[in-house]
>>> print(open('run-v6.pdb').read())   # PDB, C-alpha atoms and all ligand atoms
ATOM      1  CA  MET A1198      16.025 -10.477  13.807
ATOM      2  CA  LYS A1199      15.094  -7.080  15.203
ATOM      3  CA  ALA A1200      12.651  -5.083  13.059
ATOM      4  CA  ILE A1201      11.357  -1.530  13.449
ATOM      5  CA  LEU A1202       7.848  -0.835  12.144
ATOM      6  CA  LEU A1203       6.962   2.779  11.287
ATOM      7  CA  GLY A1204       3.365   3.961  10.778
ATOM      8  CA  ALA A1205       2.154   1.200  13.092
ATOM      9  CA  SER A1206      -1.426   2.473  13.430
ATOM     10  CA  GLY A1207      -2.239   2.363   9.704
ATOM     11  CA  GLN A1208      -4.011  -0.541   8.000
ATOM     12  CA  LEU A1209      -0.820  -2.197   6.775
ATOM     13  CA  GLY A1210       1.103  -1.428   9.966
ATOM     14  CA  LYS A1211      -1.545  -3.112  12.095
ATOM     15  CA  GLU A1212      -1.584  -6.153   9.817
ATOM     16  CA  TRP A1213       2.199  -6.480  10.199
ATOM     17  CA  GLN A1214       1.826  -6.455  13.974
ATOM     18  CA  ARG A1215      -1.026  -8.977  13.946
ATOM     19  CA  ILE A1216       0.868 -11.477  11.784
ATOM     20  CA  ILE A1217       4.197 -11.132  13.599
ATOM     21  CA  ASP A1218       2.477 -11.459  17.001
ATOM     22  CA  LYS A1219       0.539 -14.522  15.816
ATOM     23  CA  ASP A1220       3.139 -16.479  13.847
ATOM     24  CA  TYR A1221       6.615 -14.966  13.963
ATOM     25  CA  SER A1222       7.242 -13.662  17.475
ATOM     26  CA  ASP A1223       9.968 -16.295  18.020
ATOM     27  CA  GLU A1224      11.898 -15.214  14.924
ATOM     28  CA  ILE A1225      11.231 -11.474  14.732
ATOM     29  CA  GLU A1226      11.450  -8.947  17.544
ATOM     30  CA  LEU A1227       9.128  -6.224  16.280
ATOM     31  CA  LEU A1228       9.375  -2.708  17.681
ATOM     32  CA  SER A1229       6.296  -0.803  16.506
ATOM     33  CA  TYR A1230       5.968   2.987  16.436
ATOM     34  CA  THR A1231       2.802   4.976  15.721
ATOM     35  CA  SER A1232       3.137   8.504  14.324
ATOM     36  CA  SER A1233       2.885   9.964  17.836
ATOM     37  CA  GLU A1234       5.597   7.635  19.143
ATOM     38  CA  LEU A1235       7.993   8.293  16.244
ATOM     39  CA  ASP A1236       7.263  10.845  13.541
ATOM     40  CA  ILE A1237       9.350   9.935  10.497
ATOM     41  CA  THR A1238       9.878  13.625   9.717
ATOM     42  CA  HIS A1239      11.557  14.196  13.112
ATOM     43  CA  TYR A1240      14.963  13.149  11.854
ATOM     44  CA  GLN A1241      16.990  13.508  15.039
ATOM     45  CA  GLU A1242      14.547  11.332  16.999
ATOM     46  CA  VAL A1243      14.493   8.744  14.208
ATOM     47  CA  SER A1244      18.273   8.669  14.066
ATOM     48  CA  ASP A1245      18.619   8.422  17.870
ATOM     49  CA  GLU A1246      16.101   5.569  18.068
ATOM     50  CA  PHE A1247      17.652   3.603  15.220
ATOM     51  CA  ARG A1248      21.162   4.038  16.641
ATOM     52  CA  GLU A1249      19.968   2.802  20.016
ATOM     53  CA  GLN A1250      17.910  -0.135  18.731
ATOM     54  CA  LYS A1251      20.205  -1.268  15.892
ATOM     55  CA  PRO A1252      17.476  -2.921  13.773
ATOM     56  CA  GLY A1253      18.232  -5.412  11.018
ATOM     57  CA  VAL A1254      15.132  -4.280   9.111
ATOM     58  CA  VAL A1255      13.030  -1.108   9.068
ATOM     59  CA  ILE A1256       9.514  -1.508   7.645
ATOM     60  CA  ASN A1257       8.113   1.840   6.601
ATOM     61  CA  CYS A1258       4.322   1.739   6.551
ATOM     62  CA  ALA A1259       4.127   5.474   7.317
ATOM     63  CA  ALA A1260       2.865   7.643   4.488
ATOM     64  CA  PHE A1261       0.691  10.622   3.656
ATOM     65  CA  THR A1262      -2.085   8.545   2.062
ATOM     66  CA  ASP A1263      -4.865  11.103   1.618
ATOM     67  CA  VAL A1264      -4.882  11.293  -2.193
ATOM     68  CA  ASP A1265      -7.173  14.325  -2.419
ATOM     69  CA  GLY A1266      -5.663  15.998   0.665
ATOM     70  CA  SER A1267      -2.236  15.794  -0.971
ATOM     71  CA  GLU A1268      -3.363  18.351  -3.564
ATOM     72  CA  ASP A1269      -4.032  20.861  -0.742
ATOM     73  CA  HIS A1270      -1.070  19.912   1.484
ATOM     74  CA  LYS A1271       1.637  19.525  -1.107
ATOM     75  CA  LYS A1272       4.618  20.314   1.143
ATOM     76  CA  ARG A1273       3.506  17.951   3.897
ATOM     77  CA  ALA A1274       2.757  15.145   1.429
ATOM     78  CA  ARG A1275       6.216  15.502  -0.130
ATOM     79  CA  LYS A1276       7.872  15.645   3.278
ATOM     80  CA  VAL A1277       6.280  12.391   4.476
ATOM     81  CA  ASN A1278       6.353  10.549   1.143
ATOM     82  CA  MET A1279       9.709  11.671  -0.249
ATOM     83  CA  GLU A1280      11.947  13.614   2.168
ATOM     84  CA  ALA A1281      11.518  11.275   5.139
ATOM     85  CA  PRO A1282      12.021   8.100   3.036
ATOM     86  CA  LEU A1283      15.203   9.695   1.669
ATOM     87  CA  TYR A1284      16.393  10.175   5.244
ATOM     88  CA  LEU A1285      15.486   6.569   6.099
ATOM     89  CA  ALA A1286      17.502   5.480   3.051
ATOM     90  CA  GLU A1287      20.524   7.479   4.218
ATOM     91  CA  LEU A1288      20.271   5.833   7.636
ATOM     92  CA  SER A1289      19.939   2.430   5.953
ATOM     93  CA  GLN A1290      23.306   3.025   4.267
ATOM     94  CA  GLN A1291      24.982   4.276   7.449
ATOM     95  CA  LEU A1292      23.561   1.757   9.913
ATOM     96  CA  GLU A1293      23.316  -1.199   7.509
ATOM     97  CA  PHE A1294      19.673  -2.203   7.926
ATOM     98  CA  LYS A1295      17.306  -3.328   5.168
ATOM     99  CA  LEU A1296      14.678  -0.724   4.333
ATOM    100  CA  VAL A1297      11.248  -2.051   3.341
ATOM    101  CA  HIS A1298       9.119   0.696   1.819
ATOM    102  CA  TYR A1299       5.636   0.758   0.280
ATOM    103  CA  SER A1300       4.513   2.568  -2.818
ATOM    104  CA  THR A1301       1.515   2.732  -5.072
ATOM    105  CA  ASP A1302      -0.083   1.906  -8.421
ATOM    106  CA  TYR A1303      -0.679   5.669  -8.700
ATOM    107  CA  VAL A1304       2.919   6.173  -9.871
ATOM    108  CA  PHE A1305       1.695   5.058 -13.318
ATOM    109  CA  PRO A1306      -0.211   7.221 -15.829
ATOM    110  CA  GLY A1307      -3.060   4.709 -16.232
ATOM    111  CA  THR A1308      -4.071   5.503 -19.807
ATOM    112  CA  LYS A1309      -6.601   3.612 -21.930
ATOM    113  CA  LEU A1310      -3.760   2.631 -24.260
ATOM    114  CA  ASN A1311      -1.799   1.149 -21.326
ATOM    115  CA  LYS A1312      -4.844  -0.955 -20.408
ATOM    116  CA  LYS A1313      -4.771  -2.473 -23.898
ATOM    117  CA  GLU A1314      -0.985  -2.913 -23.845
ATOM    118  CA  PHE A1315      -0.782  -4.442 -20.360
ATOM    119  CA  PRO A1316      -3.955  -6.454 -19.692
ATOM    120  CA  GLU A1317      -2.085  -8.249 -16.894
ATOM    121  CA  GLY A1318      -0.831  -5.003 -15.412
ATOM    122  CA  TYR A1319       2.115  -2.643 -15.494
ATOM    123  CA  PRO A1320       5.490  -4.343 -15.100
ATOM    124  CA  GLU A1321       7.758  -2.994 -12.350
ATOM    125  CA  ASP A1322      10.102  -1.264 -14.812
ATOM    126  CA  HIS A1323       7.443   0.603 -16.802
ATOM    127  CA  PRO A1324       8.135   4.367 -16.791
ATOM    128  CA  ALA A1325       6.250   6.236 -14.078
ATOM    129  CA  ASP A1326       4.144   9.291 -14.895
ATOM    130  CA  PRO A1327       1.767  10.019 -12.025
ATOM    131  CA  VAL A1328      -1.422  11.983 -12.647
ATOM    132  CA  ASN A1329      -1.784  13.379  -9.115
ATOM    133  CA  TRP A1330       0.416  14.912  -6.400
ATOM    134  CA  TYR A1331       0.203  11.885  -4.099
ATOM    135  CA  GLY A1332       1.482   9.626  -6.898
ATOM    136  CA  LYS A1333       4.214  12.133  -7.716
ATOM    137  CA  THR A1334       5.474  12.273  -4.123
ATOM    138  CA  LYS A1335       5.363   8.467  -3.812
ATOM    139  CA  TRP A1336       7.360   8.121  -7.045
ATOM    140  CA  GLU A1337       9.924  10.659  -5.790
ATOM    141  CA  GLY A1338      10.162   8.691  -2.535
ATOM    142  CA  GLU A1339      10.854   5.484  -4.444
ATOM    143  CA  GLN A1340      13.529   7.155  -6.529
ATOM    144  CA  ALA A1341      15.188   8.678  -3.464
ATOM    145  CA  ILE A1342      15.444   5.217  -1.902
ATOM    146  CA  ARG A1343      16.723   3.523  -5.075
ATOM    147  CA  GLN A1344      19.426   6.144  -5.487
ATOM    148  CA  THR A1345      20.524   6.099  -1.834
ATOM    149  CA  ALA A1346      20.093   2.725  -0.135
ATOM    150  CA  GLU A1347      21.532  -0.443  -1.649
ATOM    151  CA  ASN A1348      19.681  -2.729   0.749
ATOM    152  CA  HIS A1349      16.054  -1.826  -0.011
ATOM    153  CA  LEU A1350      12.801  -3.507  -0.891
ATOM    154  CA  ILE A1351      10.160  -1.304  -2.516
ATOM    155  CA  ILE A1352       6.734  -2.902  -2.704
ATOM    156  CA  ARG A1353       3.995  -1.320  -4.804
ATOM    157  CA  VAL A1354       0.406  -2.174  -3.891
ATOM    158  CA  SER A1355      -2.976  -1.007  -5.222
ATOM    159  CA  TRP A1356      -6.453  -0.578  -3.703
ATOM    160  CA  LEU A1357      -5.227  -1.815  -0.309
ATOM    161  CA  CYS A1358      -7.856  -3.529   1.883
ATOM    162  CA  GLY A1359      -7.518  -5.272   5.208
ATOM    163  CA  GLN A1360      -9.173  -5.751   8.554
ATOM    164  CA  TYR A1361      -7.919  -2.465   9.988
ATOM    165  CA  GLY A1362      -8.369   1.207   9.167
ATOM    166  CA  SER A1363     -10.622   2.414   6.419
ATOM    167  CA  ASN A1364     -10.788   0.971   2.942
ATOM    168  CA  PHE A1365     -13.243   0.368   0.097
ATOM    169  CA  VAL A1366     -14.475  -3.012   1.364
ATOM    170  CA  LYS A1367     -15.312  -1.652   4.817
ATOM    171  CA  THR A1368     -16.917   1.478   3.347
ATOM    172  CA  MET A1369     -19.152  -0.606   1.057
ATOM    173  CA  LEU A1370     -20.225  -2.864   3.940
ATOM    174  CA  ARG A1371     -21.183   0.220   5.956
ATOM    175  CA  LEU A1372     -23.028   1.895   3.065
ATOM    176  CA  GLY A1373     -24.772  -1.404   2.281
ATOM    177  CA  LYS A1374     -26.375  -1.267   5.736
ATOM    178  CA  GLU A1375     -27.340   2.398   5.452
ATOM    179  CA  ARG A1376     -28.705   2.598   1.901
ATOM    180  CA  GLU A1377     -30.869   0.705  -0.557
ATOM    181  CA  GLU A1378     -29.252   2.150  -3.694
ATOM    182  CA  LEU A1379     -25.631   2.949  -4.455
ATOM    183  CA  GLN A1380     -23.674   4.339  -7.380
ATOM    184  CA  VAL A1381     -20.129   3.023  -7.896
ATOM    185  CA  VAL A1382     -17.602   4.015 -10.535
ATOM    186  CA  ASP A1383     -17.107   1.581 -13.373
ATOM    187  CA  ASP A1384     -14.334   3.342 -15.297
ATOM    188  CA  GLN A1385     -11.323   2.869 -12.997
ATOM    189  CA  TRP A1386      -9.606  -0.459 -13.482
ATOM    190  CA  GLY A1387      -7.197  -2.325 -11.245
ATOM    191  CA  SER A1388      -7.211  -4.987  -8.549
ATOM    192  CA  PRO A1389      -7.504  -5.015  -4.764
ATOM    193  CA  THR A1390      -4.459  -5.877  -2.672
ATOM    194  CA  PHE A1391      -5.131  -7.654   0.596
ATOM    195  CA  ALA A1392      -3.000  -6.443   3.503
ATOM    196  CA  GLU A1393      -2.553  -9.955   4.885
ATOM    197  CA  ASN A1394      -1.241 -11.175   1.519
ATOM    198  CA  VAL A1395       1.195  -8.234   1.377
ATOM    199  CA  VAL A1396       2.713  -9.136   4.735
ATOM    200  CA  GLU A1397       2.937 -12.859   3.870
ATOM    201  CA  ASN A1398       4.737 -12.129   0.599
ATOM    202  CA  CYS A1399       7.027  -9.550   2.203
ATOM    203  CA  LEU A1400       8.035 -12.061   4.866
ATOM    204  CA  ASN A1401       8.900 -14.515   2.098
ATOM    205  CA  LEU A1402      11.045 -11.892   0.319
ATOM    206  CA  LEU A1403      12.737 -10.950   3.610
ATOM    207  CA  GLY A1404      13.451 -14.605   4.379
ATOM    208  CA  LYS A1405      15.229 -14.928   1.031
ATOM    209  CA  ASP A1406      17.081 -11.618   1.489
ATOM    210  CA  ILE A1407      15.685 -10.373  -1.815
ATOM    211  CA  ILE A1408      16.069  -6.676  -2.672
ATOM    212  CA  GLY A1409      14.617  -4.456  -5.409
ATOM    213  CA  THR A1410      11.141  -3.394  -6.514
ATOM    214  CA  TYR A1411       8.169  -5.761  -6.543
ATOM    215  CA  HIS A1412       4.439  -5.497  -7.153
ATOM    216  CA  ILE A1413       2.034  -7.274  -4.831
ATOM    217  CA  THR A1414      -1.671  -7.383  -5.632
ATOM    218  CA  SER A1415      -4.351  -9.977  -6.396
ATOM    219  CA  LYS A1416      -4.950 -11.710  -9.732
ATOM    220  CA  GLY A1417      -7.597 -10.306 -12.077
ATOM    221  CA  LEU A1418      -8.584  -6.956 -13.571
ATOM    222  CA  ILE A1419     -11.792  -5.357 -12.317
ATOM    223  CA  SER A1420     -13.476  -1.995 -11.760
ATOM    224  CA  TRP A1421     -14.586  -0.580  -8.408
ATOM    225  CA  TYR A1422     -18.149  -1.445  -9.510
ATOM    226  CA  ASP A1423     -17.163  -5.123  -9.987
ATOM    227  CA  LEU A1424     -15.576  -5.129  -6.555
ATOM    228  CA  ALA A1425     -18.644  -3.553  -4.919
ATOM    229  CA  LYS A1426     -20.928  -6.080  -6.658
ATOM    230  CA  ALA A1427     -18.870  -8.983  -5.310
ATOM    231  CA  ILE A1428     -18.764  -7.488  -1.784
ATOM    232  CA  PHE A1429     -22.568  -7.329  -1.698
ATOM    233  CA  GLU A1430     -23.016 -10.773  -3.259
ATOM    234  CA  LEU A1431     -20.588 -12.475  -0.874
ATOM    235  CA  SER A1432     -21.963 -10.692   2.193
ATOM    236  CA  ASN A1433     -25.610 -11.332   1.172
ATOM    237  CA  THR A1434     -26.360  -7.625   1.243
ATOM    238  CA  ASN A1435     -29.326  -6.486  -0.774
ATOM    239  CA  VAL A1436     -28.387  -3.201  -2.469
ATOM    240  CA  SER A1437     -29.355  -1.870  -5.883
ATOM    241  CA  LEU A1438     -26.054  -0.966  -7.553
ATOM    242  CA  GLU A1439     -25.640   1.472 -10.417
ATOM    243  CA  ALA A1440     -22.438   1.663 -12.477
ATOM    244  CA  VAL A1441     -21.419   5.285 -13.153
ATOM    245  CA  ASP A1442     -18.477   7.180 -14.664
ATOM    246  CA  SER A1443     -15.924   8.896 -12.428
ATOM    247  CA  ASP A1444     -17.495  12.237 -13.521
ATOM    248  CA  ALA A1445     -20.379  11.389 -11.168
ATOM    249  CA  PHE A1446     -17.990  11.793  -8.208
ATOM    250  CA  PRO A1447     -15.662  14.733  -8.922
ATOM    251  CA  THR A1448     -12.529  14.519  -6.742
ATOM    252  CA  ARG A1449      -9.782  17.011  -5.955
ATOM    253  CA  ALA A1450      -7.118  14.671  -7.351
ATOM    254  CA  GLU A1451      -7.330  12.994 -10.738
ATOM    255  CA  ARG A1452      -7.362   9.165 -10.609
ATOM    256  CA  PRO A1453      -5.732   6.937 -13.239
ATOM    257  CA  TYR A1454      -8.177   5.085 -15.500
ATOM    258  CA  PHE A1455      -6.088   1.916 -15.251
ATOM    259  CA  SER A1456      -3.680   0.998 -12.468
ATOM    260  CA  LYS A1457      -3.353  -2.772 -12.512
ATOM    261  CA  LEU A1458       0.063  -3.965 -11.302
ATOM    262  CA  SER A1459       1.596  -7.035 -12.911
ATOM    263  CA  THR A1460       2.669  -9.684 -10.398
ATOM    264  CA  HIS A1461       4.769 -11.818 -12.771
ATOM    265  CA  LYS A1462       8.024 -10.783 -11.089
ATOM    266  CA  ILE A1463       7.027 -11.786  -7.568
ATOM    267  CA  GLU A1464       5.291 -14.951  -8.780
ATOM    268  CA  ALA A1465       8.680 -16.140 -10.048
ATOM    269  CA  VAL A1466      10.011 -16.017  -6.463
ATOM    270  CA  GLU A1467       9.730 -19.392  -4.761
ATOM    271  CA  GLY A1468       7.272 -19.339  -1.866
ATOM    272  CA  SER A1469       5.337 -16.283  -3.045
ATOM    273  CA  ARG A1470       1.544 -16.547  -3.125
ATOM    274  CA  ILE A1471      -0.553 -14.311  -5.333
ATOM    275  CA  ILE A1472      -4.266 -15.015  -4.953
ATOM    276  CA  PRO A1473      -7.315 -14.368  -7.176
ATOM    277  CA  TRP A1474      -9.108 -11.208  -6.019
ATOM    278  CA  ARG A1475     -12.321 -13.084  -5.172
ATOM    279  CA  GLU A1476     -10.435 -15.469  -2.886
ATOM    280  CA  GLY A1477      -8.805 -12.559  -1.043
ATOM    281  CA  LEU A1478     -12.136 -10.792  -0.726
ATOM    282  CA  GLN A1479     -13.883 -13.884   0.588
ATOM    283  CA  ARG A1480     -11.188 -14.333   3.216
ATOM    284  CA  LEU A1481     -11.294 -10.689   4.277
ATOM    285  CA  LEU A1482     -15.096 -10.715   4.575
ATOM    286  CA  GLY A1483     -14.767 -13.770   6.809
ATOM    287  CA  GLN A1484     -12.348 -11.867   9.052
ATOM    288  CA  LEU A1485     -14.469  -8.697   9.316
TER     289      LEU A1485
HETATM  290  N1  LIG A1501      -4.483   2.472   1.027
HETATM  291  C1  LIG A1501      -4.300   2.200  -0.263
HETATM  292  O1  LIG A1501      -5.247   1.931  -1.012
HETATM  293  C2  LIG A1501      -2.906   2.178  -0.830
HETATM  294  C3  LIG A1501      -2.781   1.982  -2.190
HETATM  295  C4  LIG A1501      -1.511   1.930  -2.734
HETATM  296  C5  LIG A1501      -0.417   2.111  -1.909
HETATM  297  N2  LIG A1501      -0.559   2.333  -0.584
HETATM  298  C6  LIG A1501       0.649   2.538   0.221
HETATM  299  O2  LIG A1501       0.704   1.504   1.197
HETATM  300  C7  LIG A1501       1.314   1.994   2.399
HETATM  301  C8  LIG A1501       0.425   1.702   3.591
HETATM  302  O3  LIG A1501      -0.829   2.348   3.387
HETATM  303  P1  LIG A1501      -2.020   2.248   4.436
HETATM  304  O4  LIG A1501      -3.290   2.117   3.673
HETATM  305  O5  LIG A1501      -1.679   1.283   5.510
HETATM  306  O6  LIG A1501      -1.994   3.729   5.012
HETATM  307  P2  LIG A1501      -2.738   4.333   6.289
HETATM  308  O7  LIG A1501      -3.732   3.374   6.832
HETATM  309  O8  LIG A1501      -3.183   5.698   5.894
HETATM  310  O9  LIG A1501      -1.550   4.434   7.323
HETATM  311  C9  LIG A1501      -0.492   5.338   7.158
HETATM  312  C10 LIG A1501       0.124   5.519   8.520
HETATM  313  O10 LIG A1501       1.203   6.442   8.383
HETATM  314  C11 LIG A1501       1.220   7.210   9.562
HETATM  315  N3  LIG A1501       1.941   8.459   9.340
HETATM  316  C12 LIG A1501       1.585   9.512   8.582
HETATM  317  N4  LIG A1501       2.528  10.475   8.681
HETATM  318  C13 LIG A1501       3.486  10.003   9.516
HETATM  319  C14 LIG A1501       4.693  10.532  10.021
HETATM  320  N5  LIG A1501       5.119  11.754   9.674
HETATM  321  N6  LIG A1501       5.434   9.767  10.865
HETATM  322  C15 LIG A1501       5.019   8.537  11.225
HETATM  323  N7  LIG A1501       3.866   7.981  10.789
HETATM  324  C16 LIG A1501       3.103   8.719   9.949
HETATM  325  C17 LIG A1501      -0.244   7.451   9.866
HETATM  326  O11 LIG A1501      -0.376   7.807  11.223
HETATM  327  P3  LIG A1501      -1.582   8.781  11.691
HETATM  328  O12 LIG A1501      -2.831   8.079  11.323
HETATM  329  O13 LIG A1501      -1.364   8.908  13.138
HETATM  330  O14 LIG A1501      -1.373  10.036  10.910
HETATM  331  C18 LIG A1501      -0.838   6.094   9.561
HETATM  332  O15 LIG A1501      -0.825   5.271  10.695
HETATM  333  C19 LIG A1501       1.597   3.466   2.136
HETATM  334  O16 LIG A1501       2.923   3.621   1.703
HETATM  335  C20 LIG A1501       0.671   3.822   1.001
HETATM  336  O17 LIG A1501       1.165   4.902   0.234
HETATM  337  C21 LIG A1501      -1.791   2.362  -0.033
END
>>> encode(input="run-v6.pdb", output="structure tokens")
Amino acid sequence: MKAILLGASGQLGKEWQRIIDKDYSDEIELLSYTSSELDITHYQEVSDEFREQKPGVVINCAAFTDVDGSEDHKKRARKVNMEAPLYLAELSQQLEFKLVHYSTDYVFPGTKLNKKEFPEGYPEDHPADPVNWYGKTKWEGEQAIRQTAENHLIIRVSWLCGQYGSNFVKTMLRLGKEREELQVVDDQWGSPTFAENVVENCLNLLGKDIIGTYHITSKGLISWYDLAKAIFELSNTNVSLEAVDSDAFPTRAERPYFSKLSTHKIEAVEGSRIIPWREGLQRLLGQL
């Protein structure tokens, strides 16, 4: 199978390349494009490349992921997160490739009531109601794909962490070396998603030719404070941690209070593997 990977220099894009290179290079011919090699908003170039390469699958890891920056660059965020995915979906229909696209827990409103109603997380079909511009553009991108491309897989992930790029786990490890005391927010609830586990589960879905919308994250419901505490415990880092409210760190974009994604749907797929968050964290710390 020939696959095109977009956004290849991001944390998920790099994980895709690592896993395909390591374990799947016989089965999958992966053509990877960073933003400078193929900008997904340059439609003519995208179309020309796809027509020449004739991929069976396009994996879109490209996104405008700066949640706070999205509030200041609204047009650009919408272009990358909604308009370009719509174009990819149109090409998917015309050229008959499967479009794999990633979205976010931030499509959901994340209220305190929802936390009580869905202790195991939002189901895939719960109505979206994003609280920030990034979440809004990601939701619009999802909708554009659903309405345009029959052969699509939309995967929502939350609190993504992996070996590459920047993420909460790597930031905490760095701060743990620099400081003796740290404050971490204890009023945002969800679960980390490990990039390696995303790729493994996506490969399973691709192998079964499954389409639709799926959540992939780890098992458990925790706060950022809980995650930081475990990072320092498991890495034997001695830091005095203080749990604080989000008000202690005002941000440009509002964050949902609760954004846990339910994984019941994907767990029903044979061969899927959803891991407890501590297991994923332990494995990632071993890789870093
Ligand atoms: N990170 C999280 O916590 C999180 C949470 C939920 C969902 N997600 C979703 O998961 C997916 C992967 O996220 P990630 O953490 O891997 O993101 P990331 O590390 O920020 O990577 C995004 C990549 O997209 C590329 N990109 C941006 N604009 C582009 C364009 N116009 N054309 C081509 N490439 C472009 C970036 O390239 P440059 O660096 O060169 O700009 C970057 O390599 C995204 O859909 C994101 O919305 C992430």
>>> axis_aligned_box(input="run-v6.pdb", around="ligand LIG 1501 (chain A)", padding_each_side="6 Å", output="lines of an AutoDock Vina configuration file")
center_x = 0.1
center_y = 6.5
center_z = 5.2
size_x = 22.7
size_y = 22.5
size_z = 27.9
>>> resolve_selection(input="run-v6.pdb", expression="the PyMOL selection byres (((chain A and resi 1331) around 8) and not hetatm)", output="VMD selection string")
chain A and resid 1261 to 1265 1267 to 1268 1274 1303 1329 to 1330 1332 to 1335
>>> closest_residue(input="run-v6.pdb", among="A:Leu1379, A:Ile1471, A:Ala1440, A:Met1198", to="Pro1252 (chain A)", atoms="all atoms listed in the file")
A:Met1198
>>> residues_around(input="run-v6.pdb", residues="Asp1442 (chain A)", least_positions_apart="4", cutoff="9 Å", atoms="only C-alpha atoms", output="list of chain:residue names")
A:Val1381, A:Val1382, A:Asp1383, A:Asp1384, A:Gln1385, A:Phe1446
>>> residues_near_ligand(input="run-v6.pdb", ligand="ligand LIG 1501 (chain A)", cutoff="9 Å", atoms="all atoms listed in the file", output="NGL selection string")
:A and (1203-1212 or 1230-1239 or 1257-1263 or 1273-1274 or 1276-1278 or 1281 or 1298-1303 or 1331-1332 or 1335 or 1352-1359 or 1361-1365 or 1389-1390 or 1392)
>>> write_last_selection(input="run-v6.pdb", atoms="C-alpha atoms", output="mmCIF file, in the frame of the given file")
data_model
loop_
_atom_site.group_PDB
_atom_site.id
_atom_site.type_symbol
_atom_site.label_atom_id
_atom_site.label_comp_id
_atom_site.auth_asym_id
_atom_site.auth_seq_id
_atom_site.Cartn_x
_atom_site.Cartn_y
_atom_site.Cartn_z
ATOM 1 C CA LEU A 1203 6.962 2.779 11.287
ATOM 2 C CA GLY A 1204 3.365 3.961 10.778
ATOM 3 C CA ALA A 1205 2.154 1.200 13.092
ATOM 4 C CA SER A 1206 -1.426 2.473 13.430
ATOM 5 C CA GLY A 1207 -2.239 2.363 9.704
ATOM 6 C CA GLN A 1208 -4.011 -0.541 8.000
ATOM 7 C CA LEU A 1209 -0.820 -2.197 6.775
ATOM 8 C CA GLY A 1210 1.103 -1.428 9.966
ATOM 9 C CA LYS A 1211 -1.545 -3.112 12.095
ATOM 10 C CA GLU A 1212 -1.584 -6.153 9.817
ATOM 11 C CA TYR A 1230 5.968 2.987 16.436
ATOM 12 C CA THR A 1231 2.802 4.976 15.721
ATOM 13 C CA SER A 1232 3.137 8.504 14.324
ATOM 14 C CA SER A 1233 2.885 9.964 17.836
ATOM 15 C CA GLU A 1234 5.597 7.635 19.143
ATOM 16 C CA LEU A 1235 7.993 8.293 16.244
ATOM 17 C CA ASP A 1236 7.263 10.845 13.541
ATOM 18 C CA ILE A 1237 9.350 9.935 10.497
ATOM 19 C CA THR A 1238 9.878 13.625 9.717
ATOM 20 C CA HIS A 1239 11.557 14.196 13.112
ATOM 21 C CA ASN A 1257 8.113 1.840 6.601
ATOM 22 C CA CYS A 1258 4.322 1.739 6.551
ATOM 23 C CA ALA A 1259 4.127 5.474 7.317
ATOM 24 C CA ALA A 1260 2.865 7.643 4.488
ATOM 25 C CA PHE A 1261 0.691 10.622 3.656
ATOM 26 C CA THR A 1262 -2.085 8.545 2.062
ATOM 27 C CA ASP A 1263 -4.865 11.103 1.618
ATOM 28 C CA ARG A 1273 3.506 17.951 3.897
ATOM 29 C CA ALA A 1274 2.757 15.145 1.429
ATOM 30 C CA LYS A 1276 7.872 15.645 3.278
ATOM 31 C CA VAL A 1277 6.280 12.391 4.476
ATOM 32 C CA ASN A 1278 6.353 10.549 1.143
ATOM 33 C CA ALA A 1281 11.518 11.275 5.139
ATOM 34 C CA HIS A 1298 9.119 0.696 1.819
ATOM 35 C CA TYR A 1299 5.636 0.758 0.280
ATOM 36 C CA SER A 1300 4.513 2.568 -2.818
ATOM 37 C CA THR A 1301 1.515 2.732 -5.072
ATOM 38 C CA ASP A 1302 -0.083 1.906 -8.421
ATOM 39 C CA TYR A 1303 -0.679 5.669 -8.700
ATOM 40 C CA TYR A 1331 0.203 11.885 -4.099
ATOM 41 C CA GLY A 1332 1.482 9.626 -6.898
ATOM 42 C CA LYS A 1335 5.363 8.467 -3.812
ATOM 43 C CA ILE A 1352 6.734 -2.902 -2.704
ATOM 44 C CA ARG A 1353 3.995 -1.320 -4.804
ATOM 45 C CA VAL A 1354 0.406 -2.174 -3.891
ATOM 46 C CA SER A 1355 -2.976 -1.007 -5.222
ATOM 47 C CA TRP A 1356 -6.453 -0.578 -3.703
ATOM 48 C CA LEU A 1357 -5.227 -1.815 -0.309
ATOM 49 C CA CYS A 1358 -7.856 -3.529 1.883
ATOM 50 C CA GLY A 1359 -7.518 -5.272 5.208
ATOM 51 C CA TYR A 1361 -7.919 -2.465 9.988
ATOM 52 C CA GLY A 1362 -8.369 1.207 9.167
ATOM 53 C CA SER A 1363 -10.622 2.414 6.419
ATOM 54 C CA ASN A 1364 -10.788 0.971 2.942
ATOM 55 C CA PHE A 1365 -13.243 0.368 0.097
ATOM 56 C CA PRO A 1389 -7.504 -5.015 -4.764
ATOM 57 C CA THR A 1390 -4.459 -5.877 -2.672
ATOM 58 C CA ALA A 1392 -3.000 -6.443 3.503
#
>>> atom_distance(input="run-v6.pdb", atom1="CA of Thr1414 (chain A)", atom2="CA of Arg1371 (chain A)")
23.9 Å
>>> closest_residue(input="run-v6.pdb", among="A:Lys1219, A:Lys1426, A:Lys1271, A:His1412", to="Lys1457 (chain A)", atoms="all atoms listed in the file")
A:His1412
>>> resolve_selection(input="run-v6.pdb", expression="the PyMOL selection byres (((chain A and resi 1453) around 8) and not hetatm)", output="PyMOL selection string")
chain A and resi 1303+1305-1308+1328+1385+1451-1452+1454-1456
>>> resolve_selection(input="run-v6.pdb", expression="the PyMOL selection byres (((chain A and resi 1399) around 9) and not hetatm)", output="MDAnalysis selection string")
chainID A and resid 1297 1350 1352 1394:1398 1400:1404 1413 1469
